$ cat protein_6.cif   # mmCIF, C-alpha atoms
data_structure
loop_
_atom_site.group_PDB
_atom_site.id
_atom_site.type_symbol
_atom_site.label_atom_id
_atom_site.label_comp_id
_atom_site.auth_asym_id
_atom_site.auth_seq_id
_atom_site.Cartn_x
_atom_site.Cartn_y
_atom_site.Cartn_z
ATOM 1 C CA MET A 500 -6.852 -10.263 -23.545
ATOM 2 C CA TYR A 501 -3.631 -12.201 -24.029
ATOM 3 C CA ASP A 502 -1.701 -9.166 -25.234
ATOM 4 C CA ALA A 503 -1.940 -7.741 -21.689
ATOM 5 C CA VAL A 504 -0.474 -10.830 -19.995
ATOM 6 C CA PRO A 505 3.266 -10.056 -20.491
ATOM 7 C CA SER A 506 2.874 -6.758 -18.629
ATOM 8 C CA LEU A 507 1.034 -8.514 -15.775
ATOM 9 C CA VAL A 508 3.944 -10.883 -15.140
ATOM 10 C CA GLU A 509 6.480 -8.036 -15.087
ATOM 11 C CA SER A 510 5.238 -7.131 -11.587
ATOM 12 C CA THR A 511 5.392 -9.300 -8.474
ATOM 13 C CA VAL A 512 3.233 -9.477 -5.373
ATOM 14 C CA ARG A 513 3.107 -11.236 -2.003
ATOM 15 C CA VAL A 514 1.006 -14.432 -2.255
ATOM 16 C CA ALA A 515 -0.177 -16.682 0.571
ATOM 17 C CA ALA A 516 -1.628 -20.150 -0.111
ATOM 18 C CA PHE A 517 -3.301 -22.534 2.349
ATOM 19 C CA PRO A 518 -4.304 -24.982 3.921
ATOM 20 C CA ASP A 519 -3.913 -28.481 2.382
ATOM 21 C CA GLY A 520 -1.086 -30.658 1.077
ATOM 22 C CA SER A 521 -0.777 -34.120 -0.418
ATOM 23 C CA VAL A 522 1.716 -36.614 -1.764
ATOM 24 C CA ASP A 523 0.511 -37.265 -5.316
ATOM 25 C CA THR A 524 1.288 -40.534 -7.115
ATOM 26 C CA PHE A 525 0.715 -40.396 -10.876
ATOM 27 C CA GLN A 526 0.030 -43.738 -12.573
ATOM 28 C CA ARG A 527 -0.782 -44.575 -16.203
ATOM 29 C CA VAL A 528 -3.266 -47.383 -16.728
ATOM 30 C CA HIS A 529 -2.690 -49.925 -19.507
ATOM 31 C CA ALA A 530 -4.494 -52.989 -20.843
ATOM 32 C CA LYS A 531 -2.786 -56.389 -20.998
ATOM 33 C CA ASP A 532 -1.440 -55.595 -24.457
ATOM 34 C CA GLY A 533 0.252 -52.449 -23.172
ATOM 35 C CA GLN A 534 -2.146 -49.976 -24.812
ATOM 36 C CA ARG A 535 -3.228 -46.942 -22.799
ATOM 37 C CA LEU A 536 -6.807 -47.313 -21.629
ATOM 38 C CA SER A 537 -9.542 -44.719 -21.886
ATOM 39 C CA LYS A 538 -11.906 -44.180 -18.982
ATOM 40 C CA ALA A 539 -14.737 -45.401 -21.207
ATOM 41 C CA ALA A 540 -12.948 -48.685 -21.973
ATOM 42 C CA PHE A 541 -12.075 -49.163 -18.313
ATOM 43 C CA ARG A 542 -15.678 -48.509 -17.259
ATOM 44 C CA GLU A 543 -17.004 -50.884 -19.915
ATOM 45 C CA ALA A 544 -14.709 -53.674 -18.743
ATOM 46 C CA ILE A 545 -15.672 -53.191 -15.094
ATOM 47 C CA VAL A 546 -19.415 -52.911 -15.704
ATOM 48 C CA GLY A 547 -19.371 -55.856 -18.079
ATOM 49 C CA GLY A 548 -17.704 -58.026 -15.472
ATOM 50 C CA ARG A 549 -15.070 -59.187 -17.936
ATOM 51 C CA SER A 550 -11.933 -60.706 -16.504
ATOM 52 C CA GLN A 551 -9.119 -58.432 -17.558
ATOM 53 C CA GLY A 552 -5.760 -57.563 -16.087
ATOM 54 C CA PHE A 553 -4.939 -53.879 -15.848
ATOM 55 C CA HIS A 554 -1.354 -52.692 -15.632
ATOM 56 C CA ILE A 555 -0.284 -49.596 -13.732
ATOM 57 C CA ASP A 556 2.883 -47.645 -14.479
ATOM 58 C CA THR A 557 3.904 -45.286 -11.670
ATOM 59 C CA HIS A 558 5.837 -42.498 -13.369
ATOM 60 C CA ALA A 559 5.874 -39.673 -10.800
ATOM 61 C CA VAL A 560 5.501 -39.064 -7.079
ATOM 62 C CA GLU A 561 5.249 -35.357 -6.294
ATOM 63 C CA ALA A 562 4.237 -32.847 -3.673
ATOM 64 C CA GLY A 563 0.686 -31.753 -4.410
ATOM 65 C CA GLY A 564 -2.533 -30.344 -3.054
ATOM 66 C CA GLN A 565 -4.402 -27.249 -4.178
ATOM 67 C CA ALA A 566 -2.470 -24.842 -1.963
ATOM 68 C CA VAL A 567 0.877 -26.444 -2.811
ATOM 69 C CA ASN A 568 0.225 -26.317 -6.563
ATOM 70 C CA ALA A 569 -0.894 -22.694 -6.389
ATOM 71 C CA ALA A 570 2.158 -21.733 -4.320
ATOM 72 C CA GLN A 571 4.499 -23.343 -6.842
ATOM 73 C CA GLN A 572 2.867 -21.421 -9.680
ATOM 74 C CA ALA A 573 3.026 -18.114 -7.810
ATOM 75 C CA HIS A 574 6.725 -18.697 -7.057
ATOM 76 C CA ALA A 575 7.400 -19.511 -10.719
ATOM 77 C CA LEU A 576 5.861 -16.153 -11.647
ATOM 78 C CA GLY A 577 8.362 -14.493 -9.321
ATOM 79 C CA ASP A 578 5.971 -13.744 -6.488
ATOM 80 C CA ASP A 579 7.030 -13.656 -2.838
ATOM 81 C CA VAL A 580 5.267 -16.769 -1.536
ATOM 82 C CA ARG A 581 4.226 -18.116 1.828
ATOM 83 C CA LEU A 582 2.689 -21.596 1.899
ATOM 84 C CA ASP A 583 0.800 -22.793 4.972
ATOM 85 C CA GLY A 584 -0.275 -26.407 4.586
ATOM 86 C CA CYS A 585 -0.040 -30.000 5.762
ATOM 87 C CA LEU A 586 3.558 -30.543 4.737
ATOM 88 C CA ASP A 587 5.105 -33.009 7.208
ATOM 89 C CA ASP A 588 6.784 -35.220 4.601
ATOM 90 C CA ASN A 589 10.375 -35.264 3.388
ATOM 91 C CA ARG A 590 9.175 -34.876 -0.215
ATOM 92 C CA PHE A 591 8.022 -31.345 0.617
ATOM 93 C CA ALA A 592 10.996 -29.057 0.016
ATOM 94 C CA PHE A 593 10.316 -25.654 -1.471
ATOM 95 C CA PRO A 594 12.370 -22.531 -2.272
ATOM 96 C CA PHE A 595 9.911 -20.281 -0.421
ATOM 97 C CA GLU A 596 8.560 -19.748 3.091
ATOM 98 C CA THR A 597 6.478 -22.614 4.488
ATOM 99 C CA HIS A 598 4.616 -23.409 7.692
ATOM 100 C CA SER A 599 3.200 -26.882 8.320
ATOM 101 C CA PHE A 600 -0.061 -27.847 9.996
ATOM 102 C CA GLY A 601 0.695 -31.588 10.030
ATOM 103 C CA ALA A 602 0.622 -34.650 7.795
ATOM 104 C CA PRO A 603 -0.370 -34.447 4.123
ATOM 105 C CA SER A 604 -3.006 -36.520 2.393
ATOM 106 C CA ALA A 605 -2.130 -39.370 0.020
ATOM 107 C CA VAL A 606 -3.542 -38.973 -3.488
ATOM 108 C CA THR A 607 -3.337 -41.432 -6.371
ATOM 109 C CA ILE A 608 -4.075 -40.193 -9.884
ATOM 110 C CA HIS A 609 -4.852 -42.853 -12.508
ATOM 111 C CA GLU A 610 -4.141 -41.265 -15.868
ATOM 112 C CA PHE A 611 -6.252 -42.603 -18.716
ATOM 113 C CA SER A 612 -5.965 -41.530 -22.341
ATOM 114 C CA ASP A 613 -9.030 -39.267 -21.990
ATOM 115 C CA GLY A 614 -8.742 -37.970 -18.423
ATOM 116 C CA ASP A 615 -7.854 -38.815 -14.847
ATOM 117 C CA LEU A 616 -9.468 -40.649 -11.955
ATOM 118 C CA THR A 617 -8.321 -39.468 -8.537
ATOM 119 C CA TYR A 618 -8.412 -41.323 -5.220
ATOM 120 C CA ALA A 619 -7.657 -39.481 -1.996
ATOM 121 C CA ASP A 620 -6.844 -40.708 1.489
ATOM 122 C CA VAL A 621 -7.351 -37.386 3.237
ATOM 123 C CA SER A 622 -5.230 -36.918 6.351
ATOM 124 C CA ASP A 623 -6.820 -36.098 9.694
ATOM 125 C CA ASP A 624 -4.734 -32.908 9.780
ATOM 126 C CA VAL A 625 -6.253 -31.709 6.516
ATOM 127 C CA ILE A 626 -9.774 -32.653 7.608
ATOM 128 C CA GLY A 627 -9.379 -30.938 10.975
ATOM 129 C CA TRP A 628 -7.650 -27.742 9.818
ATOM 130 C CA SER A 629 -8.840 -24.474 11.314
ATOM 131 C CA HIS A 630 -7.662 -20.901 10.872
ATOM 132 C CA GLU A 631 -6.613 -21.119 14.524
ATOM 133 C CA ALA A 632 -3.717 -23.311 13.344
ATOM 134 C CA PHE A 633 -2.032 -20.293 11.724
ATOM 135 C CA GLU A 634 1.103 -19.230 13.581
ATOM 136 C CA THR A 635 0.199 -15.808 12.254
ATOM 137 C CA VAL A 636 -2.287 -14.968 9.533
ATOM 138 C CA PRO A 637 -0.119 -14.195 6.498
ATOM 139 C CA ASP A 638 0.261 -10.623 5.328
ATOM 140 C CA ALA A 639 -0.231 -10.771 1.554
ATOM 141 C CA ASP A 640 -1.573 -8.993 -1.508
ATOM 142 C CA ALA A 641 -3.283 -12.166 -2.718
ATOM 143 C CA TYR A 642 -4.500 -15.295 -0.957
ATOM 144 C CA VAL A 643 -5.263 -18.627 -2.607
ATOM 145 C CA CYS A 644 -7.385 -20.931 -0.473
ATOM 146 C CA GLY A 645 -8.431 -24.391 -1.618
ATOM 147 C CA ASN A 646 -9.957 -27.754 -0.798
ATOM 148 C CA TRP A 647 -13.026 -26.716 1.185
ATOM 149 C CA ALA A 648 -14.474 -30.089 0.136
ATOM 150 C CA SER A 649 -11.922 -31.945 2.312
ATOM 151 C CA VAL A 650 -11.661 -29.554 5.285
ATOM 152 C CA ASP A 651 -14.523 -29.956 7.736
ATOM 153 C CA GLY A 652 -14.282 -26.607 9.497
ATOM 154 C CA MET A 653 -13.321 -24.296 6.662
ATOM 155 C CA THR A 654 -16.707 -22.558 6.417
ATOM 156 C CA ASP A 655 -16.404 -21.222 9.983
ATOM 157 C CA SER A 656 -12.784 -20.268 9.332
ATOM 158 C CA LEU A 657 -13.697 -18.250 6.239
ATOM 159 C CA ALA A 658 -16.093 -16.121 8.268
ATOM 160 C CA ALA A 659 -13.527 -15.715 11.059
ATOM 161 C CA LEU A 660 -10.820 -14.582 8.624
ATOM 162 C CA ALA A 661 -12.926 -11.522 7.861
ATOM 163 C CA ASP A 662 -11.599 -10.083 11.123
ATOM 164 C CA SER A 663 -7.967 -10.733 10.116
ATOM 165 C CA LEU A 664 -7.719 -9.743 6.444
ATOM 166 C CA ASP A 665 -7.934 -6.218 5.099
ATOM 167 C CA GLY A 666 -7.656 -5.508 1.382
ATOM 168 C CA GLY A 667 -6.247 -7.433 -1.553
ATOM 169 C CA VAL A 668 -7.757 -10.429 -3.333
ATOM 170 C CA PHE A 669 -8.833 -13.828 -2.002
ATOM 171 C CA VAL A 670 -9.109 -16.561 -4.655
ATOM 172 C CA PHE A 671 -11.154 -19.484 -3.379
ATOM 173 C CA ASP A 672 -11.218 -22.871 -5.113
ATOM 174 C CA PRO A 673 -13.491 -25.159 -3.082
ATOM 175 C CA GLY A 674 -12.457 -28.402 -4.774
ATOM 176 C CA ASP A 675 -14.988 -31.026 -5.754
ATOM 177 C CA VAL A 676 -18.324 -29.738 -4.427
ATOM 178 C CA THR A 677 -20.410 -31.929 -6.731
ATOM 179 C CA THR A 678 -21.401 -34.310 -3.916
ATOM 180 C CA ALA A 679 -21.606 -31.720 -1.121
ATOM 181 C CA PRO A 680 -25.021 -31.076 0.464
ATOM 182 C CA ALA A 681 -26.695 -27.961 -0.922
ATOM 183 C CA ALA A 682 -27.116 -26.461 2.551
ATOM 184 C CA GLU A 683 -23.374 -26.732 3.198
ATOM 185 C CA ILE A 684 -22.585 -25.043 -0.118
ATOM 186 C CA ARG A 685 -24.955 -22.196 0.774
ATOM 187 C CA ASP A 686 -23.312 -21.825 4.202
ATOM 188 C CA CYS A 687 -19.888 -21.658 2.550
ATOM 189 C CA LEU A 688 -21.008 -18.934 0.162
ATOM 190 C CA ALA A 689 -22.567 -16.968 3.029
ATOM 191 C CA ALA A 690 -19.191 -17.093 4.814
ATOM 192 C CA LEU A 691 -17.457 -15.927 1.640
ATOM 193 C CA ALA A 692 -19.890 -13.004 1.385
ATOM 194 C CA THR A 693 -18.925 -12.022 4.922
ATOM 195 C CA LEU A 694 -15.253 -12.295 4.016
ATOM 196 C CA ASP A 695 -15.878 -10.201 0.898
ATOM 197 C CA ASP A 696 -16.611 -7.228 3.152
ATOM 198 C CA ALA A 697 -12.911 -7.275 4.097
ATOM 199 C CA ILE A 698 -11.219 -8.480 0.898
ATOM 200 C CA ASP A 699 -12.275 -9.054 -2.730
ATOM 201 C CA VAL A 700 -13.285 -12.719 -2.988
ATOM 202 C CA ALA A 701 -13.042 -14.525 -6.338
ATOM 203 C CA VAL A 702 -14.550 -18.017 -6.492
ATOM 204 C CA SER A 703 -12.631 -20.174 -8.990
ATOM 205 C CA VAL A 704 -14.344 -23.401 -10.123
ATOM 206 C CA ASN A 705 -14.686 -25.741 -13.082
ATOM 207 C CA GLY A 706 -17.912 -26.270 -14.982
ATOM 208 C CA GLN A 707 -19.211 -29.184 -12.908
ATOM 209 C CA GLU A 708 -18.502 -27.333 -9.679
ATOM 210 C CA LEU A 709 -20.245 -24.188 -10.941
ATOM 211 C CA ALA A 710 -23.294 -26.279 -11.855
ATOM 212 C CA ALA A 711 -23.404 -27.765 -8.343
ATOM 213 C CA ILE A 712 -23.172 -24.308 -6.770
ATOM 214 C CA ALA A 713 -25.851 -22.912 -9.088
ATOM 215 C CA ASP A 714 -28.121 -25.810 -8.200
ATOM 216 C CA ALA A 715 -27.587 -25.214 -4.466
ATOM 217 C CA LEU A 716 -28.438 -21.529 -4.916
ATOM 218 C CA ALA A 717 -31.386 -22.306 -7.250
ATOM 219 C CA VAL A 718 -30.070 -19.963 -9.954
ATOM 220 C CA ALA A 719 -29.015 -20.364 -13.575
ATOM 221 C CA ASP A 720 -25.793 -22.253 -14.318
ATOM 222 C CA ASP A 721 -24.007 -19.047 -15.227
ATOM 223 C CA VAL A 722 -21.129 -17.126 -13.631
ATOM 224 C CA GLY A 723 -23.131 -13.910 -13.533
ATOM 225 C CA ALA A 724 -26.168 -15.464 -11.877
ATOM 226 C CA VAL A 725 -24.037 -17.253 -9.285
ATOM 227 C CA ARG A 726 -22.006 -14.118 -8.559
ATOM 228 C CA ASP A 727 -25.126 -12.001 -8.087
ATOM 229 C CA GLU A 728 -26.666 -14.501 -5.685
ATOM 230 C CA ALA A 729 -23.428 -15.231 -3.793
ATOM 231 C CA GLY A 730 -22.597 -11.564 -3.265
ATOM 232 C CA VAL A 731 -18.843 -11.897 -3.836
ATOM 233 C CA PHE A 732 -16.482 -9.854 -5.981
ATOM 234 C CA ALA A 733 -16.071 -12.429 -8.754
ATOM 235 C CA VAL A 734 -17.049 -15.910 -9.918
ATOM 236 C CA VAL A 735 -14.822 -17.577 -12.514
ATOM 237 C CA ARG A 736 -15.384 -20.829 -14.394
ATOM 238 C CA HIS A 737 -12.301 -22.400 -15.970
ATOM 239 C CA GLU A 738 -12.654 -25.138 -18.569
ATOM 240 C CA ALA A 739 -10.443 -26.665 -21.258
ATOM 241 C CA ASP A 740 -11.944 -24.587 -24.071
ATOM 242 C CA ALA A 741 -12.482 -21.240 -22.334
ATOM 243 C CA ALA A 742 -12.787 -19.424 -19.035
ATOM 244 C CA ALA A 743 -15.680 -17.144 -18.119
ATOM 245 C CA ALA A 744 -15.789 -14.571 -15.337
ATOM 246 C CA ALA A 745 -18.269 -12.155 -13.819
ATOM 247 C CA ILE A 746 -17.458 -9.313 -11.435
ATOM 248 C CA ARG A 747 -19.664 -6.594 -10.027
ATOM 249 C CA THR A 748 -19.222 -4.298 -13.021
ATOM 250 C CA ASP A 749 -18.040 -6.463 -15.903
ATOM 251 C CA ASN A 750 -17.763 -9.950 -17.370
ATOM 252 C CA ALA A 751 -15.357 -11.707 -19.688
ATOM 253 C CA VAL A 752 -15.023 -14.878 -21.726
ATOM 254 C CA VAL A 753 -11.469 -15.833 -22.717
ATOM 255 C CA GLU A 754 -10.841 -18.697 -25.110
ATOM 256 C CA ASN A 755 -8.195 -21.172 -23.981
ATOM 257 C CA PHE A 756 -5.305 -22.870 -25.749
ATOM 258 C CA ASP A 757 -5.523 -26.269 -27.387
ATOM 259 C CA PRO A 758 -2.839 -28.237 -25.488
ATOM 260 C CA ASN A 759 -2.353 -30.575 -28.493
ATOM 261 C CA GLY A 760 -1.981 -33.806 -26.574
ATOM 262 C CA PRO A 761 -1.946 -32.932 -22.872
ATOM 263 C CA VAL A 762 0.844 -34.299 -20.702
ATOM 264 C CA ARG A 763 -0.819 -33.611 -17.345
ATOM 265 C CA ARG A 764 -4.383 -32.677 -16.377
ATOM 266 C CA THR A 765 -4.598 -32.833 -12.586
ATOM 267 C CA GLY A 766 -3.238 -29.617 -11.056
ATOM 268 C CA GLY A 767 -3.994 -27.278 -13.946
ATOM 269 C CA GLY A 768 -6.943 -25.659 -12.161
ATOM 270 C CA ASP A 769 -4.788 -24.786 -9.150
ATOM 271 C CA ARG A 770 -2.306 -23.053 -11.403
ATOM 272 C CA PHE A 771 -5.182 -21.200 -13.046
ATOM 273 C CA SER A 772 -6.204 -19.896 -9.615
ATOM 274 C CA ALA A 773 -2.650 -18.748 -8.868
ATOM 275 C CA GLY A 774 -2.454 -16.912 -12.197
ATOM 276 C CA LEU A 775 -5.854 -15.317 -11.597
ATOM 277 C CA ALA A 776 -4.762 -14.195 -8.114
ATOM 278 C CA HIS A 777 -1.527 -12.693 -9.462
ATOM 279 C CA GLY A 778 -3.314 -10.900 -12.286
ATOM 280 C CA LEU A 779 -5.897 -9.342 -9.990
ATOM 281 C CA ALA A 780 -3.338 -8.454 -7.305
ATOM 282 C CA VAL A 781 -1.113 -6.522 -9.717
ATOM 283 C CA GLY A 782 -4.135 -4.500 -10.787
ATOM 284 C CA GLY A 783 -5.159 -6.294 -13.939
ATOM 285 C CA ASP A 784 -8.709 -6.171 -15.251
ATOM 286 C CA ILE A 785 -10.721 -9.365 -15.039
ATOM 287 C CA GLY A 786 -10.202 -10.347 -18.694
ATOM 288 C CA PRO A 787 -6.382 -10.186 -18.680
ATOM 289 C CA ALA A 788 -6.280 -11.817 -15.235
ATOM 290 C CA VAL A 789 -8.349 -14.723 -16.578
ATOM 291 C CA ALA A 790 -6.085 -14.908 -19.652
ATOM 292 C CA LEU A 791 -3.088 -15.196 -17.319
ATOM 293 C CA GLY A 792 -4.846 -18.004 -15.475
ATOM 294 C CA ASN A 793 -5.463 -19.783 -18.776
ATOM 295 C CA CYS A 794 -1.782 -19.490 -19.664
ATOM 296 C CA CYS A 795 -0.642 -20.932 -16.339
ATOM 297 C CA ALA A 796 -3.059 -23.867 -16.571
ATOM 298 C CA SER A 797 -2.423 -24.579 -20.244
ATOM 299 C CA TYR A 798 1.349 -24.484 -19.896
ATOM 300 C CA TYR A 799 1.160 -27.044 -17.097
ATOM 301 C CA VAL A 800 -1.300 -29.276 -18.964
ATOM 302 C CA ALA A 801 0.844 -29.192 -22.111
ATOM 303 C CA THR A 802 4.245 -29.718 -20.476
ATOM 304 C CA GLY A 803 3.711 -31.227 -17.019
ATOM 305 C CA THR A 804 5.845 -28.410 -15.579
ATOM 306 C CA THR A 805 4.999 -25.073 -13.962
ATOM 307 C CA GLY A 806 5.588 -22.125 -16.264
ATOM 308 C CA THR A 807 7.860 -19.251 -15.264
ATOM 309 C CA ALA A 808 7.020 -15.624 -15.951
ATOM 310 C CA ASP A 809 9.082 -15.804 -19.158
ATOM 311 C CA ASP A 810 7.347 -19.021 -20.236
ATOM 312 C CA ILE A 811 3.926 -17.527 -19.629
ATOM 313 C CA ALA A 812 4.755 -14.238 -21.355
ATOM 314 C CA ALA A 813 5.978 -16.132 -24.436
ATOM 315 C CA MET A 814 2.871 -18.334 -24.514
ATOM 316 C CA ALA A 815 0.578 -15.306 -24.207
ATOM 317 C CA ALA A 816 2.447 -13.415 -26.931
ATOM 318 C CA GLU A 817 2.062 -16.373 -29.287
ATOM 319 C CA GLN A 818 -1.653 -16.627 -28.532
ATOM 320 C CA ALA A 819 -2.175 -12.895 -28.954
#

$ encode --input "protein_6.cif" --output "structure tokens"
Amino acid sequence: MYDAVPSLVESTVRVAAFPDGSVDTFQRVHAKDGQRLSKAAFREAIVGGRSQGFHIDTHAVEAGGQAVNAAQQAHALGDDVRLDGCLDDNRFAFPFETHSFGAPSAVTIHEFSDGDLTYADVSDDVIGWSHEAFETVPDADAYVCGNWASVDGMTDSLAALADSLDGGVFVFDPGDVTTAPAAEIRDCLAALATLDDAIDVAVSVNGQELAAIADALAVADDVGAVRDEAGVFAVVRHEADAAAAAIRTDNAVVENFDPNGPVRRTGGGDRFSAGLAHGLAVGGDIGPAVALGNCCASYYVATGTTGTADDIAAMAAEQA
């Protein structure tokens, strides 16, 4: 699969990403002695009620959000990008077309030695977003839409967009659906099925999110079973070890890279979705498109930076 990735990034497409945005503060958590804490050690100290001082080292404040991260990855691949999101903050300055819907959320990421804990103060403008806020619905080959979990009216907007979009690919990453009511998840998937009549919809989720969706649909925790029940073009699960995908006529499992001491975890899934969208939009089969998504996510996790087309092609060639 990876041998096809360099040819995928030789072509460029028009990508539109929407609707969220956040100011992300990255902080490393240390014990009193300065050692990095694991989530397990932190949990044990809290549950045990032991008096312990925790030290926080703020090392980065960046523009973030699922749409923002995906747009940055698409731009790095050379795509013509339009980002519509909640971007009213002076830390949002991008070398591509943007349209703002209002104020971004504030997100704090506590980085432990074995993973992240994320805290979000979601802005009212993100919560209240509707497709009616578009100045114009973007004209694109690929759309990346994220953060359904934080946007109250997105389900209705997904169904309404079926009247505005015609052809291409629509990659949908709902965000953390693990605590969402099952009925709301089913309503979202019904709206995506309606949208799929107008444009190929690919649902991009991690393993926990896929399990929550499968549970809501009362089907097996499997990309093929969820895709068949949801009635969309594709369902893709991306995890640290591998990504699995099912489309109407095929399926694929693509092993991932070992990041060998990850630098950054939060944001990798959004870059996966952007790579998947690019790969499908340029006409790639599902396997190579998933491999491209793996490359985009793994490069970011390993380096903390967004990989360019040359970076991704080199990584894929090494893996192949």

$ residues_around --input "protein_6.cif" --residues "Asp695 of chain A" --least-positions-apart "4" --cutoff "7 Å" --atoms "all atoms listed in the file" --output "ChimeraX atom specification"
/A:691,699-700,731-732

$ residues_near_point --input "protein_6.cif" --point "(-0.4, -28.3, -15.2)" --cutoff "9 Å" --atoms "all atoms listed in the file" --output "number ranges by chain"
A: 568, 762-771, 795-806

$ atom_distance --input "protein_6.cif" --atom1 "atom CA of Asn705 of chain A" --atom2 "atom CA of His737 of chain A"
5.0 Å

$ closest_residue --input "protein_6.cif" --among "A:Val752, A:Ala719, A:Ala679, A:Val734" --to "Val704 of chain A" --atoms "only C-alpha atoms"
A:Val734

$ resolve_selection --input "protein_6.cif" --expression "the PyMOL selection byres ((chain A and resi 626) around 6)" --output "NGL selection string"
:A and (623-625 or 627-628 or 649-651)

$ closest_residue --input "protein_6.cif" --among "A:Met500, A:Cys687, A:Leu716, A:Val670" --to "Ala773 of chain A" --atoms "only C-alpha atoms"
A:Val670

$ residues_near_point --input "protein_6.cif" --point "(7.4, -19.9, -5.2)" --cutoff "9 Å" --atoms "only C-alpha atoms" --output "ChimeraX atom specification"
/A:514,569-582,593-596

$ write_last_selection --input "protein_6.cif" --atoms "C-alpha atoms" --output "PDB file, keeping the file's coordinate frame"
ATOM      1  CA  VAL A 514       1.006 -14.432  -2.255  1.00  0.00           C
ATOM      2  CA  ALA A 569      -0.894 -22.694  -6.389  1.00  0.00           C
ATOM      3  CA  ALA A 570       2.158 -21.733  -4.320  1.00  0.00           C
ATOM      4  CA  GLN A 571       4.499 -23.343  -6.842  1.00  0.00           C
ATOM      5  CA  GLN A 572       2.867 -21.421  -9.680  1.00  0.00           C
ATOM      6  CA  ALA A 573       3.026 -18.114  -7.810  1.00  0.00           C
ATOM      7  CA  HIS A 574       6.725 -18.697  -7.057  1.00  0.00           C
ATOM      8  CA  ALA A 575       7.400 -19.511 -10.719  1.00  0.00           C
ATOM      9  CA  LEU A 576       5.861 -16.153 -11.647  1.00  0.00           C
ATOM     10  CA  GLY A 577       8.362 -14.493  -9.321  1.00  0.00           C
ATOM     11  CA  ASP A 578       5.971 -13.744  -6.488  1.00  0.00           C
ATOM     12  CA  ASP A 579       7.030 -13.656  -2.838  1.00  0.00           C
ATOM     13  CA  VAL A 580       5.267 -16.769  -1.536  1.00  0.00           C
ATOM     14  CA  ARG A 581       4.226 -18.116   1.828  1.00  0.00           C
ATOM     15  CA  LEU A 582       2.689 -21.596   1.899  1.00  0.00           C
ATOM     16  CA  PHE A 593      10.316 -25.654  -1.471  1.00  0.00           C
ATOM     17  CA  PRO A 594      12.370 -22.531  -2.272  1.00  0.00           C
ATOM     18  CA  PHE A 595       9.911 -20.281  -0.421  1.00  0.00           C
ATOM     19  CA  GLU A 596       8.560 -19.748   3.091  1.00  0.00           C
TER      20      GLU A 596
END

$ closest_residue --input "protein_6.cif" --among "A:Asp620, A:Glu738, A:Asp721, A:Asp696" --to "Ala605 of chain A" --atoms "all atoms listed in the file"
A:Asp620

$ resolve_selection --input "protein_6.cif" --expression "the PyMOL selection byres ((chain A and resi 668) around 12)" --output "PDB file with C-alpha atoms, in the frame of the given file"
ATOM      1  CA  VAL A 512       3.233  -9.477  -5.373  1.00  0.00           C
ATOM      2  CA  ARG A 513       3.107 -11.236  -2.003  1.00  0.00           C
ATOM      3  CA  VAL A 514       1.006 -14.432  -2.255  1.00  0.00           C
ATOM      4  CA  ALA A 515      -0.177 -16.682   0.571  1.00  0.00           C
ATOM      5  CA  ALA A 516      -1.628 -20.150  -0.111  1.00  0.00           C
ATOM      6  CA  ASP A 638       0.261 -10.623   5.328  1.00  0.00           C
ATOM      7  CA  ALA A 639      -0.231 -10.771   1.554  1.00  0.00           C
ATOM      8  CA  ASP A 640      -1.573  -8.993  -1.508  1.00  0.00           C
ATOM      9  CA  ALA A 641      -3.283 -12.166  -2.718  1.00  0.00           C
ATOM     10  CA  TYR A 642      -4.500 -15.295  -0.957  1.00  0.00           C
ATOM     11  CA  VAL A 643      -5.263 -18.627  -2.607  1.00  0.00           C
ATOM     12  CA  CYS A 644      -7.385 -20.931  -0.473  1.00  0.00           C
ATOM     13  CA  LEU A 664      -7.719  -9.743   6.444  1.00  0.00           C
ATOM     14  CA  ASP A 665      -7.934  -6.218   5.099  1.00  0.00           C
ATOM     15  CA  GLY A 666      -7.656  -5.508   1.382  1.00  0.00           C
ATOM     16  CA  GLY A 667      -6.247  -7.433  -1.553  1.00  0.00           C
ATOM     17  CA  PHE A 669      -8.833 -13.828  -2.002  1.00  0.00           C
ATOM     18  CA  VAL A 670      -9.109 -16.561  -4.655  1.00  0.00           C
ATOM     19  CA  PHE A 671     -11.154 -19.484  -3.379  1.00  0.00           C
ATOM     20  CA  LEU A 694     -15.253 -12.295   4.016  1.00  0.00           C
ATOM     21  CA  ASP A 695     -15.878 -10.201   0.898  1.00  0.00           C
ATOM     22  CA  ASP A 696     -16.611  -7.228   3.152  1.00  0.00           C
ATOM     23  CA  ALA A 697     -12.911  -7.275   4.097  1.00  0.00           C
ATOM     24  CA  ILE A 698     -11.219  -8.480   0.898  1.00  0.00           C
ATOM     25  CA  ASP A 699     -12.275  -9.054  -2.730  1.00  0.00           C
ATOM     26  CA  VAL A 700     -13.285 -12.719  -2.988  1.00  0.00           C
ATOM     27  CA  ALA A 701     -13.042 -14.525  -6.338  1.00  0.00           C
ATOM     28  CA  VAL A 702     -14.550 -18.017  -6.492  1.00  0.00           C
ATOM     29  CA  VAL A 731     -18.843 -11.897  -3.836  1.00  0.00           C
ATOM     30  CA  PHE A 732     -16.482  -9.854  -5.981  1.00  0.00           C
ATOM     31  CA  ALA A 733     -16.071 -12.429  -8.754  1.00  0.00           C
ATOM     32  CA  SER A 772      -6.204 -19.896  -9.615  1.00  0.00           C
ATOM     33  CA  ALA A 773      -2.650 -18.748  -8.868  1.00  0.00           C
ATOM     34  CA  LEU A 775      -5.854 -15.317 -11.597  1.00  0.00           C
ATOM     35  CA  ALA A 776      -4.762 -14.195  -8.114  1.00  0.00           C
ATOM     36  CA  HIS A 777      -1.527 -12.693  -9.462  1.00  0.00           C
ATOM     37  CA  GLY A 778      -3.314 -10.900 -12.286  1.00  0.00           C
ATOM     38  CA  LEU A 779      -5.897  -9.342  -9.990  1.00  0.00           C
ATOM     39  CA  ALA A 780      -3.338  -8.454  -7.305  1.00  0.00           C
ATOM     40  CA  VAL A 781      -1.113  -6.522  -9.717  1.00  0.00           C
ATOM     41  CA  GLY A 782      -4.135  -4.500 -10.787  1.00  0.00           C
ATOM     42  CA  GLY A 783      -5.159  -6.294 -13.939  1.00  0.00           C
TER      43      GLY A 783
END
